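Asker: Contents are mmCIF, C-alpha atoms; file name my_file-v3.cif:
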```cif
data_input
#
loop_
_atom_site.label_atom_id
_atom_site.label_comp_id
_atom_site.auth_asym_id
_atom_site.auth_seq_id
_atom_site.Cartn_x
_atom_site.Cartn_y
_atom_site.Cartn_z
CA MET A 1 -91.49 40.44 -175.66
CA THR A 2 -91.70 44.19 -176.02
CA VAL A 3 -90.09 46.38 -178.65
CA VAL A 4 -88.01 47.94 -175.86
CA ASP A 5 -86.66 44.55 -174.76
CA LEU A 6 -85.68 43.55 -178.29
CA GLU A 7 -84.08 46.88 -179.12
CA ARG A 8 -81.95 46.72 -175.98
CA VAL A 9 -80.22 43.64 -177.36
CA ARG A 10 -80.39 44.30 -181.10
CA SER A 11 -77.23 45.48 -182.82
CA PRO A 12 -77.19 48.18 -185.52
CA GLU A 13 -76.65 45.36 -188.05
CA GLY A 14 -79.77 43.58 -186.84
CA TRP A 15 -78.36 40.56 -184.98
CA PRO A 16 -78.86 40.24 -181.20
CA TYR A 17 -76.18 40.77 -178.61
CA ALA A 18 -76.27 38.01 -175.98
CA SER A 19 -77.23 40.59 -173.37
CA SER A 20 -77.89 44.29 -173.16
CA ASP A 21 -75.31 46.63 -171.73
CA SER A 22 -75.74 47.12 -168.00
CA VAL A 23 -79.09 48.79 -167.35
CA ASP A 24 -78.30 49.79 -163.74
CA ALA A 25 -75.71 49.40 -161.00
CA ASP A 26 -76.97 45.91 -160.14
CA ASP A 27 -76.82 44.57 -163.70
CA PRO A 28 -73.54 42.92 -164.79
CA GLY A 29 -74.36 43.29 -168.51
CA ARG A 30 -71.45 40.96 -169.23
CA PHE A 31 -72.39 39.64 -172.65
CA HIS A 32 -73.02 42.71 -174.78
CA ALA A 33 -71.38 41.09 -177.79
CA LEU A 34 -72.06 38.69 -180.64
CA PHE A 35 -72.22 35.15 -179.27
CA GLY A 36 -72.85 32.44 -181.84
CA ARG A 37 -74.96 30.11 -179.73
CA ASP A 38 -76.94 32.83 -177.94
CA SER A 39 -77.63 34.91 -181.03
CA LEU A 40 -78.75 31.85 -182.99
CA ILE A 41 -81.10 30.55 -180.31
CA THR A 42 -82.61 34.02 -179.90
CA SER A 43 -83.08 34.16 -183.68
CA LEU A 44 -84.85 30.80 -183.62
CA GLN A 45 -87.15 31.88 -180.80
CA LEU A 46 -88.22 35.01 -182.68
CA LEU A 47 -88.28 33.44 -186.14
CA PRO A 48 -92.05 33.65 -186.79
CA VAL A 49 -92.26 37.34 -185.88
CA ARG A 50 -88.79 38.67 -186.74
CA PRO A 51 -87.12 36.57 -189.45
CA ASP A 52 -84.92 39.57 -190.22
CA VAL A 53 -83.06 38.91 -186.96
CA ALA A 54 -82.21 35.38 -188.11
CA ARG A 55 -81.03 36.60 -191.51
CA ALA A 56 -78.76 39.22 -189.95
CA THR A 57 -77.38 36.69 -187.45
CA LEU A 58 -76.68 34.03 -190.05
CA ARG A 59 -74.91 36.50 -192.33
CA ALA A 60 -72.81 37.93 -189.49
CA LEU A 61 -71.73 34.49 -188.29
CA ALA A 62 -71.00 33.25 -191.81
CA GLY A 63 -68.67 36.24 -192.22
CA LEU A 64 -66.73 35.16 -189.11
CA GLN A 65 -66.75 31.43 -189.81
CA GLY A 66 -63.55 29.53 -189.05
CA LYS A 67 -61.06 29.03 -191.88
CA ARG A 68 -58.04 27.34 -190.25
CA ASP A 69 -56.89 25.35 -187.25
CA ASP A 70 -55.78 27.63 -184.42
CA PRO A 71 -55.50 25.99 -180.97
CA GLU A 72 -55.18 29.35 -179.23
CA THR A 73 -58.60 30.56 -180.40
CA ASP A 74 -60.19 27.10 -180.91
CA GLU A 75 -60.79 28.07 -184.53
CA GLU A 76 -61.35 25.21 -187.00
CA PRO A 77 -62.47 25.22 -190.65
CA GLY A 78 -66.26 25.57 -190.83
CA LYS A 79 -66.70 26.28 -187.12
CA ILE A 80 -69.03 29.08 -186.01
CA VAL A 81 -67.54 31.70 -183.72
CA HIS A 82 -68.46 31.54 -180.04
CA GLU A 83 -67.75 35.13 -179.02
CA TYR A 84 -66.71 38.14 -181.04
CA ARG A 85 -65.62 41.49 -179.57
CA PRO A 86 -63.99 43.86 -182.05
CA HIS A 87 -62.67 45.88 -179.10
CA ALA A 88 -62.09 43.49 -176.22
CA GLU A 89 -61.85 44.89 -172.72
CA GLN A 90 -58.59 44.71 -170.79
CA ARG A 91 -60.03 42.04 -168.49
CA PHE A 92 -59.84 39.51 -171.32
CA VAL A 93 -56.13 40.23 -171.76
CA ASP A 94 -55.64 39.92 -168.01
CA MET A 95 -57.36 36.52 -168.01
CA GLY A 96 -55.12 35.22 -170.81
CA TRP A 97 -57.77 35.09 -173.51
CA PRO A 98 -56.54 35.16 -177.13
CA VAL A 99 -56.95 38.88 -177.79
CA ARG A 100 -55.15 39.93 -180.98
CA ASP A 101 -54.71 43.56 -181.98
CA GLY A 102 -57.44 44.44 -179.52
CA GLU A 103 -59.94 41.97 -181.01
CA LEU A 104 -61.37 38.82 -179.42
CA ARG A 105 -62.51 36.27 -181.97
CA TYR A 106 -62.98 33.06 -180.02
CA TYR A 107 -64.41 29.78 -181.34
CA GLY A 108 -64.73 27.66 -178.18
CA SER A 109 -68.28 26.36 -178.67
CA ALA A 110 -69.20 22.70 -179.11
CA ASP A 111 -72.73 23.42 -180.35
CA GLY A 112 -72.76 26.84 -182.03
CA THR A 113 -72.07 25.31 -185.46
CA SER A 114 -75.00 22.92 -185.08
CA TRP A 115 -77.31 25.78 -184.10
CA PHE A 116 -76.24 27.65 -187.25
CA LEU A 117 -77.45 24.75 -189.38
CA VAL A 118 -80.70 24.36 -187.43
CA VAL A 119 -81.61 28.05 -187.71
CA LEU A 120 -80.79 28.31 -191.42
CA GLU A 121 -82.90 25.28 -192.30
CA THR A 122 -85.82 26.28 -190.05
CA LEU A 123 -85.85 29.76 -191.58
CA GLY A 124 -86.65 28.17 -194.95
CA ASP A 125 -85.32 31.08 -197.01
CA ASP A 126 -84.16 29.51 -200.28
CA ALA A 127 -82.37 32.64 -201.44
CA LEU A 128 -80.39 32.92 -198.20
CA THR A 129 -79.64 29.19 -198.26
CA ASP A 130 -78.14 29.65 -201.72
CA GLU A 131 -76.28 32.79 -200.64
CA LEU A 132 -74.75 30.98 -197.65
CA ALA A 133 -74.18 27.65 -199.41
CA GLY A 134 -70.45 27.76 -198.79
CA ALA A 135 -70.98 28.53 -195.11
CA TRP A 136 -73.53 25.82 -194.34
CA LYS A 137 -71.61 23.19 -196.28
CA ALA A 138 -68.45 24.10 -194.36
CA ALA A 139 -70.43 23.94 -191.09
CA ALA A 140 -71.77 20.52 -192.02
CA GLY A 141 -68.22 19.39 -192.76
CA TRP A 142 -67.08 20.56 -189.34
CA LEU A 143 -69.92 18.66 -187.64
CA GLU A 144 -69.14 15.48 -189.54
CA ARG A 145 -65.45 15.70 -188.59
CA ALA A 146 -66.31 16.47 -184.96
CA LEU A 147 -68.47 13.35 -184.75
CA GLU A 148 -65.77 11.22 -186.35
CA ARG A 149 -63.02 12.33 -183.99
CA GLY A 150 -65.37 12.02 -181.01
CA GLY A 151 -66.19 8.40 -181.73
CA GLY A 152 -69.70 9.30 -182.86
CA LEU A 153 -70.34 12.06 -180.31
CA VAL A 154 -69.44 15.76 -180.38
CA ARG A 155 -66.82 16.24 -177.67
CA HIS A 156 -64.91 19.25 -176.37
CA GLY A 157 -61.60 19.71 -174.60
CA PRO A 158 -59.02 19.69 -173.37
CA ARG A 159 -57.94 23.25 -174.16
CA ARG A 160 -54.52 23.35 -175.79
CA ALA A 161 -53.72 26.96 -174.83
CA SER A 162 -54.17 29.41 -171.96
CA GLY A 163 -57.40 31.28 -171.37
CA GLY A 164 -60.66 30.34 -173.03
CA LEU A 165 -63.28 27.84 -171.92
CA VAL A 166 -62.44 24.44 -170.45
CA GLN A 167 -66.01 23.21 -171.01
CA GLN A 168 -67.71 24.30 -174.21
CA GLY A 169 -71.30 23.07 -174.32
CA TRP A 170 -73.93 25.64 -173.40
CA ARG A 171 -72.94 24.98 -169.76
CA ASP A 172 -69.60 26.54 -170.58
CA THR A 173 -67.06 27.73 -168.04
CA THR A 174 -63.46 28.73 -167.51
CA GLY A 175 -63.44 26.73 -164.27
CA PRO A 176 -66.10 24.32 -162.94
CA HIS A 177 -64.93 24.91 -159.35
CA ALA A 178 -65.57 28.66 -159.47
CA ALA A 179 -67.99 29.90 -156.83
CA TYR A 180 -70.75 30.85 -159.27
CA GLY A 181 -71.44 27.18 -160.10
CA GLY A 182 -70.80 27.05 -163.83
CA GLY A 183 -70.17 23.97 -165.94
CA ILE A 184 -70.42 20.26 -165.20
CA LEU A 185 -69.00 18.41 -162.20
CA CYS A 186 -69.08 14.75 -161.20
CA ALA A 187 -71.17 13.83 -158.17
CA ASP A 188 -68.00 13.70 -156.04
CA GLY A 189 -67.03 17.23 -157.07
CA ASN A 190 -64.27 16.26 -159.47
CA VAL A 191 -64.04 17.78 -162.95
CA PRO A 192 -64.93 15.12 -165.53
CA GLU A 193 -62.07 13.98 -167.72
CA PRO A 194 -62.07 15.58 -171.19
CA PRO A 195 -62.89 15.33 -174.01
CA LEU A 196 -66.41 15.71 -172.68
CA ALA A 197 -69.61 14.89 -174.57
CA ASP A 198 -72.50 16.69 -172.89
CA ALA A 199 -76.07 15.63 -173.60
CA ASP A 200 -77.21 19.11 -174.68
CA THR A 201 -74.60 19.25 -177.45
CA GLN A 202 -75.53 15.80 -178.75
CA ALA A 203 -79.17 16.84 -178.94
CA VAL A 204 -78.57 19.84 -181.18
CA ALA A 205 -76.07 17.83 -183.25
CA VAL A 206 -78.87 15.42 -184.16
CA ALA A 207 -81.17 18.32 -185.06
CA ALA A 208 -78.38 19.80 -187.19
CA LEU A 209 -77.74 16.54 -189.06
CA ARG A 210 -81.40 16.35 -190.00
CA ALA A 211 -81.28 20.00 -191.04
CA VAL A 212 -78.35 19.26 -193.36
CA ALA A 213 -80.26 16.34 -194.85
CA ARG A 214 -83.06 18.73 -195.80
CA LEU A 215 -80.72 21.50 -196.96
CA SER A 216 -78.66 19.16 -199.13
CA GLY A 217 -81.29 16.65 -200.19
CA HIS A 218 -78.88 13.82 -199.32
CA SER A 219 -80.20 10.97 -197.14
CA ALA A 220 -76.71 10.10 -195.89
CA TRP A 221 -77.08 12.90 -193.35
CA SER A 222 -80.32 11.38 -192.06
CA ASP A 223 -78.56 8.04 -191.75
CA LEU A 224 -75.80 9.70 -189.72
CA ALA A 225 -78.45 11.31 -187.50
CA ASP A 226 -80.02 7.89 -186.91
CA ARG A 227 -76.64 6.40 -185.96
CA THR A 228 -76.02 9.29 -183.59
CA VAL A 229 -79.40 8.73 -181.92
CA ALA A 230 -78.55 5.06 -181.43
CA LEU A 231 -75.19 5.94 -179.88
CA ILE A 232 -76.81 8.49 -177.55
CA ALA A 233 -79.18 5.79 -176.30
CA GLN A 234 -76.22 3.48 -175.72
CA SER A 235 -73.99 6.07 -174.04
CA PHE A 236 -76.51 8.04 -171.95
CA ASP A 237 -79.51 7.39 -169.76
CA SER A 238 -82.00 9.66 -168.01
CA GLN A 239 -79.59 10.15 -165.11
CA THR A 240 -76.65 11.23 -167.32
CA MET A 241 -75.43 14.78 -167.84
CA ALA A 242 -72.42 13.92 -170.00
CA VAL A 243 -69.95 11.22 -171.01
CA ASP A 244 -66.31 11.81 -170.10
CA GLY A 245 -63.12 11.07 -172.01
CA SER A 246 -63.08 7.43 -170.91
CA ASN A 247 -66.79 7.06 -171.82
CA ALA A 248 -67.83 6.93 -168.16
CA ARG A 249 -71.20 8.53 -167.43
CA VAL A 250 -71.27 11.80 -165.51
CA THR A 251 -74.44 11.51 -163.46
CA GLY A 252 -77.03 14.23 -163.05
CA ALA A 253 -80.62 14.45 -164.18
CA GLY A 254 -81.56 17.93 -165.28
CA SER A 255 -82.84 20.12 -168.06
CA GLN A 256 -80.65 18.40 -170.66
CA LEU A 257 -83.36 15.74 -170.88
CA GLY A 258 -85.60 18.39 -172.40
CA TRP A 259 -83.02 19.14 -175.10
CA LEU A 260 -82.90 15.47 -176.11
CA LEU A 261 -86.70 15.34 -176.33
CA TRP A 262 -86.87 18.65 -178.22
CA ALA A 263 -84.37 17.46 -180.82
CA ASP A 264 -86.01 14.02 -181.20
CA ALA A 265 -82.58 12.62 -180.33
CA LEU A 266 -83.85 9.51 -178.53
CA PRO A 267 -85.24 6.19 -179.75
CA ALA A 268 -89.01 5.93 -179.38
CA ASP A 269 -88.83 3.21 -176.76
CA VAL A 270 -86.98 5.38 -174.21
CA ARG A 271 -88.63 8.78 -174.73
CA ASP A 272 -91.32 8.33 -172.09
CA GLY A 273 -88.74 7.37 -169.48
CA TYR A 274 -86.71 10.51 -170.17
CA ALA A 275 -89.82 12.69 -170.08
CA GLU A 276 -90.99 11.12 -166.83
CA ARG A 277 -87.59 11.77 -165.25
CA LEU A 278 -87.65 15.38 -166.42
CA CYS A 279 -91.03 15.83 -164.72
CA GLN A 280 -89.93 14.68 -161.28
CA PRO A 281 -90.13 17.43 -158.62
CA ASP A 282 -86.35 17.62 -158.18
CA VAL A 283 -86.13 19.02 -161.74
CA LEU A 284 -89.57 20.37 -162.67
CA THR A 285 -90.50 23.30 -160.41
CA ASP A 286 -93.46 25.67 -160.41
CA PHE A 287 -91.27 28.17 -162.29
CA GLY A 288 -89.39 26.13 -164.88
CA LEU A 289 -86.83 23.35 -165.18
CA ARG A 290 -83.74 23.17 -163.01
CA THR A 291 -80.44 22.74 -164.80
CA LEU A 292 -79.55 20.06 -162.25
CA SER A 293 -81.63 17.90 -159.94
CA SER A 294 -82.02 19.24 -156.41
CA SER A 295 -81.05 15.77 -155.16
CA HIS A 296 -77.61 15.89 -156.83
CA PRO A 297 -74.62 16.43 -154.48
CA GLN A 298 -73.43 19.42 -156.53
CA PHE A 299 -76.82 21.16 -156.64
CA ALA A 300 -77.39 24.68 -155.37
CA PRO A 301 -80.51 26.67 -156.31
CA GLU A 302 -78.46 29.70 -157.36
CA ALA A 303 -75.66 27.76 -159.10
CA TYR A 304 -75.26 29.01 -162.66
CA HIS A 305 -75.45 25.65 -164.44
CA ARG A 306 -76.01 23.34 -161.49
CA GLY A 307 -79.41 24.21 -160.14
CA ALA A 308 -80.68 27.57 -161.42
CA VAL A 309 -83.53 27.90 -163.93
CA TRP A 310 -82.90 29.50 -167.34
CA PRO A 311 -85.94 30.62 -169.35
CA PHE A 312 -84.41 29.68 -172.72
CA ASP A 313 -83.43 26.24 -171.41
CA SER A 314 -86.93 25.68 -170.04
CA TRP A 315 -88.35 26.79 -173.40
CA LEU A 316 -86.55 23.89 -175.06
CA GLY A 317 -87.75 21.56 -172.32
CA TRP A 318 -91.33 22.77 -172.82
CA GLY A 319 -91.06 21.96 -176.52
CA GLY A 320 -89.55 18.57 -175.75
CA LEU A 321 -92.24 17.59 -173.27
CA ARG A 322 -94.97 18.70 -175.63
CA ALA A 323 -93.44 16.69 -178.47
CA ALA A 324 -93.32 13.64 -176.19
CA GLY A 325 -97.04 13.97 -175.44
CA PHE A 326 -96.62 15.25 -171.87
CA THR A 327 -98.93 18.17 -172.49
CA GLU A 328 -99.96 18.94 -168.91
CA GLU A 329 -96.36 18.96 -167.69
CA ALA A 330 -95.29 21.04 -170.68
CA GLU A 331 -97.97 23.60 -169.88
CA ARG A 332 -96.72 23.75 -166.31
CA VAL A 333 -93.25 24.65 -167.62
CA ARG A 334 -94.62 27.28 -170.01
CA THR A 335 -96.87 29.06 -167.51
CA GLY A 336 -94.31 28.70 -164.72
CA VAL A 337 -91.56 30.49 -166.64
CA LEU A 338 -93.92 33.25 -167.73
CA ASP A 339 -95.07 33.63 -164.13
CA ALA A 340 -91.46 33.90 -162.94
CA LEU A 341 -90.64 36.55 -165.55
CA GLU A 342 -93.72 38.53 -164.55
CA ARG A 343 -92.74 38.42 -160.89
CA LEU A 344 -89.07 39.27 -161.46
CA GLY A 345 -89.57 41.84 -164.21
CA GLY A 346 -87.33 42.39 -167.20
CA ALA A 347 -85.67 39.50 -169.01
CA PRO A 348 -83.25 37.91 -166.51
CA GLU A 349 -80.61 35.52 -167.76
CA LEU A 350 -81.47 32.98 -165.03
CA TYR A 351 -82.99 32.81 -161.56
CA ALA A 352 -83.12 30.62 -158.49
CA VAL A 353 -86.26 28.80 -157.43
CA ILE A 354 -86.62 28.60 -153.66
CA GLU A 355 -89.55 27.94 -151.34
CA ASP A 356 -90.76 31.53 -151.70
CA GLY A 357 -90.66 31.33 -155.51
CA PRO A 358 -88.28 32.77 -158.13
CA GLN A 359 -85.39 34.86 -156.84
CA ARG A 360 -82.90 37.04 -158.69
CA ILE A 361 -79.26 35.93 -158.79
CA PRO A 362 -76.65 38.73 -158.66
CA ILE A 363 -74.50 37.27 -161.46
CA ALA A 364 -77.45 37.18 -163.88
CA ASN A 365 -77.76 39.81 -166.57
CA GLN A 366 -81.06 41.64 -166.29
CA VAL A 367 -81.76 41.72 -170.04
CA GLN A 368 -80.65 38.53 -171.76
CA ALA A 369 -81.50 38.09 -175.44
CA TRP A 370 -82.61 34.48 -175.29
CA THR A 371 -84.87 35.32 -172.35
CA VAL A 372 -86.50 38.04 -174.47
CA GLY A 373 -86.94 35.39 -177.17
CA ALA A 374 -88.14 32.71 -174.76
CA ARG A 375 -90.86 34.97 -173.42
CA TRP A 376 -92.26 35.65 -176.89
CA ALA A 377 -91.97 32.00 -177.94
CA LEU A 378 -93.69 30.72 -174.79
CA GLU A 379 -96.43 33.33 -174.99
CA HIS A 380 -97.12 32.33 -178.61
CA GLU A 381 -96.46 28.60 -178.14
CA TRP A 382 -93.70 28.47 -180.76
CA ASN A 383 -91.37 25.51 -180.19
CA GLY A 384 -88.67 26.42 -182.69
CA ARG A 385 -88.98 23.27 -184.78
CA GLY A 386 -91.14 24.54 -187.61
CA ARG A 387 -92.61 21.07 -188.07
#
```
Before anything else, please render the file you have as structure tokens.

Answerer:
Amino acid sequence: MTVVDLERVRSPEGWPYASSDSVDADDPGRFHALFGRDSLITSLQLLPVRPDVARATLRALAGLQGKRDDPETDEEPGKIVHEYRPHAEQRFVDMGWPVRDGELRYYGSADGTSWFLVVLETLGDDALTDELAGAWKAAAGWLERALERGGGLVRHGPRRASGGLVQQGWRDTTGPHAAYGGGILCADGNVPEPPLADADTQAVAVAALRAVARLSGHSAWSDLADRTVALIAQSFDSQTMAVDGSNARVTGAGSQLGWLLWADALPADVRDGYAERLCQPDVLTDFGLRTLSSSHPQFAPEAYHRGAVWPFDSWLGWGGLRAAGFTEEAERVRTGVLDALERLGGAPELYAVIEDGPQRIPIANQVQAWTVGARWALEHEWNGRGR
């Protein structure tokens, strides 16, 4: 990470935009706004060196926290905002997004609220924890309700209004059949039936429950985390990307296995099997972890969530493999991502891995905040867990 990279994505208030504005004609610069998930993960990555970024992010998101049920914006009490644009561009209106009086305040994120809890607890700032007591308790309440209505898993969908995201884990999308390859599809190309429980979201939910246990001092949250881990083991396996609305498994090995390992969201007796699957050559490349196995029918090396490599995603996988004791494989992920970033230059949102090595993808922003953070964290071997 360089000062220039960080300042390109840092707002005047101190929290990170998800991406910089466009830096040249070839840079989409699509996400120059406050995104809950992205800003929180970036804050976690930079926590040891820039805790001020985390404090600014947590305060900003607490100020926008959901207060009521609003199906049009996906707002719910205690929920952390997904995307906030005080002056939304016309394209959002044209796409049917819930723009009100020129402002987009959209809450369609299945995991942003969990990341809020994880970052606050990892920061370990007692004064800020007290200051934001109302916010983190409301966030914990949202997570508990989400698990209850999801039958023990955090699920998302279906959308009850026009516009917005039809899938709301980090592999979010307005349409899984769009050409850029976003979201989750079944092996046969069908869209899985909502409400969908993706593995990545369950992983951070477990980490968040344990964070609440430490923030509150109440063991009931640890007990709920343990029950969630047991249900994950029952509902998923190492070949599962998500569980659909009828509890059928959506197949697809990929980087989500690293999230589950990172969050310690698996029983001890299955961890090695998940780590071994993550390290197979259809997922682990010389330049990071693929989002989806190259042997999956819906794989494409440049597909946004179904084949490309994301530095932030691989950072979590590196931490997960290291925690599982797969130190050589973890080091291959760490050095591979850093090598790719050196070759490509800048802080690309994602890239394809082909026979010739890493390759830029036109849709990718050239300066993505959680790539800036991933580079620093990988260079300094910080896994984001704080323990």

Asker: In Å, rounded to a single decimal, give me how far atom CA of A:Asp339 is from atom CA of A:Gly169.

Answerer: 27.9 Å

Asker: Under the rule that all atoms listed in the file are counted, which of A:Gln280, A:Ser20, A:Ser43, A:Thr57 is the nearest residue to A:Phe312?

Answerer: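 The closest residue to A:Phe312 is A:Ser43.
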
Asker: Around (-79.6, 40.2, -181.9) in the file's frame, which residues reach within 9 Å when counting all atoms listed in the file? Return as a list of chain:residue names?

Answerer: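 Answer for this query, in the requested form: A:Leu6, A:Glu7, A:Val9, A:Arg10, A:Ser11, A:Glu13, A:Gly14, A:Trp15, A:Pro16, A:Tyr17, A:Ala18, A:Ser19, A:Leu34, A:Asp38, A:Ser39, A:Leu40, A:Thr42, A:Ser43, A:Val53, A:Ala54, A:Ala56, A:Thr57, A:Ala369.
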
Asker: Can you work out which one of A:Arg332, A:Arg85, A:Arg55, A:Arg159 has the shortest atom-to-atom distance to A:Glu131, counting all atoms listed in the file?

Answerer: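 Using all atoms listed in the file, A:Glu131 sits closest to A:Arg55.
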
Asker: Evaluate the PyMOL selection byres ((chain A and resi 134-142) around 7) on the structure here and hand back the selected residues as a ChimeraX atom specification.

Answerer: /A:62,77-79,113,117,132-133,143-146,212

Asker: Output the residue selection produced by the PyMOL selection byres ((chain A and resi 68) around 12) on the file above, formatted as a list of chain:residue names.

Answerer: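 So the PyMOL selection byres ((chain A and resi 68) around 12) ends up selecting A:Leu64, A:Gln65, A:Gly66, A:Lys67, A:Asp69, A:Asp70, A:Pro71, A:Glu72, A:Thr73, A:Asp74, A:Glu75, A:Glu76, A:Pro77, A:Gly78, A:Lys79, A:Ile80, A:Tyr107, A:Ala138, A:Trp142.
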
Asker: I need the output of the PyMOL selection byres ((chain A and resi 298-302) around 10) for this file as a VMD selection string; which residues are they?

Answerer: chain A and resid 180 to 181 184 to 189 252 290 to 297 303 to 309 350 to 354 359 to 364

Asker: Point out the residue among A:Ala377, A:Leu278, A:Ala197, A:Leu261 with the least atom-to-atom distance to A:Arg322, counting all atoms listed in the file.

Answerer: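 The answer is A:Leu261, which sits nearest to A:Arg322.
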
Asker: What does the distance from atom CA of A:His87 to atom CA of A:Gln368 come to in Å, to one decimal?

Answerer: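 Separation between atom CA of A:His87 and atom CA of A:Gln368: 20.8 Å.
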
Asker: Compute the distance from (-90.4, 29.1, -170.0) to each atom, counting all atoms listed in the file, keep the residues with any atom at most 9 Å away, and return them as a list in words; use the coordinates of the file.

Answerer: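 Residues satisfying the cut-off, written out: Phe287, Gly288, Leu289, Trp310, Pro311, Phe312, Asp313, Ser314, Trp315, Leu316, Gly317, Trp318, Val333, Arg334, Thr335, Gly336, Val337, Leu338, Asp339, Ala340, Leu341, Thr371, Ala374, Arg375, Ala377, Leu378 and Glu379 of chain A.
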
Asker: Expressed in Å to a single decimal, how great is the separation between atom CA of A:Trp370 and atom CA of A:Trp221?

Answerer: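 Separation between atom CA of A:Trp370 and atom CA of A:Trp221: 28.7 Å.
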
Asker: I need the residue nearest A:Asp27 from this list: A:Val367, A:Ala211, A:Val270, A:Val118. Use only C-alpha atoms for the distance.

Answerer: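 Of the candidates, the smallest distance to A:Asp27 is held by A:Val367.
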
Asker: Report as a list of chain:residue names all protein, DNA and RNA residues lying within 6 Å of A:Leu104, evaluated on only C-alpha atoms, omitting residues in the same chain fewer than 5 positions from it.

Answerer: A:Tyr84, A:Arg85, A:Ala88, A:Val99

Asker: Between A:Ala207, A:Leu128, A:Ile41, A:Val250, single out the one closest to A:Asp237, counting only C-alpha atoms.

Answerer: A:Val250

Asker: With only C-alpha atoms as the atoms that count, which of A:Arg37, A:Arg59, A:Pro195, A:Asp94 lies nearest to A:Arg171?

Answerer: A:Arg37

Asker: Can stretch 24-35 of chain A be brought up to N, CA, C and O atoms and written out as a PDB file, in the coordinates of the input?

Answerer:
```pdb
ATOM      1  N   ASP A  24     -78.425  49.058-165.002  1.00  0.00           N
ATOM      2  CA  ASP A  24     -78.300  49.790-163.740  1.00  0.00           C
ATOM      3  C   ASP A  24     -77.118  49.237-162.963  1.00  0.00           C
ATOM      4  O   ASP A  24     -76.429  48.317-163.425  1.00  0.00           O
ATOM      5  N   ALA A  25     -76.889  49.771-161.789  1.00  0.00           N
ATOM      6  CA  ALA A  25     -75.710  49.400-161.000  1.00  0.00           C
ATOM      7  C   ALA A  25     -75.710  47.938-160.582  1.00  0.00           C
ATOM      8  O   ALA A  25     -74.646  47.374-160.295  1.00  0.00           O
ATOM      9  N   ASP A  26     -76.870  47.314-160.558  1.00  0.00           N
ATOM     10  CA  ASP A  26     -76.970  45.910-160.140  1.00  0.00           C
ATOM     11  C   ASP A  26     -76.944  44.931-161.303  1.00  0.00           C
ATOM     12  O   ASP A  26     -77.080  43.723-161.095  1.00  0.00           O
ATOM     13  N   ASP A  27     -76.782  45.428-162.516  1.00  0.00           N
ATOM     14  CA  ASP A  27     -76.820  44.570-163.700  1.00  0.00           C
ATOM     15  C   ASP A  27     -75.418  44.374-164.258  1.00  0.00           C
ATOM     16  O   ASP A  27     -74.788  45.328-164.703  1.00  0.00           O
ATOM     17  N   PRO A  28     -74.895  43.138-164.270  1.00  0.00           N
ATOM     18  CA  PRO A  28     -73.540  42.920-164.790  1.00  0.00           C
ATOM     19  C   PRO A  28     -73.400  43.274-166.262  1.00  0.00           C
ATOM     20  O   PRO A  28     -72.366  43.790-166.677  1.00  0.00           O
ATOM     21  N   GLY A  29     -74.434  42.972-167.083  1.00  0.00           N
ATOM     22  CA  GLY A  29     -74.360  43.290-168.510  1.00  0.00           C
ATOM     23  C   GLY A  29     -73.109  42.746-169.168  1.00  0.00           C
ATOM     24  O   GLY A  29     -72.478  43.409-169.991  1.00  0.00           O
ATOM     25  N   ARG A  30     -72.755  41.499-168.844  1.00  0.00           N
ATOM     26  CA  ARG A  30     -71.450  40.960-169.230  1.00  0.00           C
ATOM     27  C   ARG A  30     -71.335  40.559-170.698  1.00  0.00           C
ATOM     28  O   ARG A  30     -70.239  40.434-171.212  1.00  0.00           O
ATOM     29  N   PHE A  31     -72.457  40.293-171.338  1.00  0.00           N
ATOM     30  CA  PHE A  31     -72.390  39.640-172.650  1.00  0.00           C
ATOM     31  C   PHE A  31     -72.934  40.515-173.771  1.00  0.00           C
ATOM     32  O   PHE A  31     -73.631  40.031-174.667  1.00  0.00           O
ATOM     33  N   HIS A  32     -72.591  41.794-173.720  1.00  0.00           N
ATOM     34  CA  HIS A  32     -73.020  42.710-174.780  1.00  0.00           C
ATOM     35  C   HIS A  32     -72.073  42.567-175.965  1.00  0.00           C
ATOM     36  O   HIS A  32     -71.219  43.413-176.242  1.00  0.00           O
ATOM     37  N   ALA A  33     -72.236  41.430-176.663  1.00  0.00           N
ATOM     38  CA  ALA A  33     -71.380  41.090-177.790  1.00  0.00           C
ATOM     39  C   ALA A  33     -72.081  40.031-178.629  1.00  0.00           C
ATOM     40  O   ALA A  33     -73.118  39.485-178.220  1.00  0.00           O
ATOM     41  N   LEU A  34     -71.531  39.759-179.783  1.00  0.00           N
ATOM     42  CA  LEU A  34     -72.060  38.690-180.640  1.00  0.00           C
ATOM     43  C   LEU A  34     -71.577  37.345-180.111  1.00  0.00           C
ATOM     44  O   LEU A  34     -70.381  37.086-180.066  1.00  0.00           O
ATOM     45  N   PHE A  35     -72.506  36.513-179.682  1.00  0.00           N
ATOM     46  CA  PHE A  35     -72.220  35.150-179.270  1.00  0.00           C
ATOM     47  C   PHE A  35     -72.958  34.215-180.218  1.00  0.00           C
ATOM     48  O   PHE A  35     -74.183  34.305-180.357  1.00  0.00           O
TER      49      PHE A  35
END
```
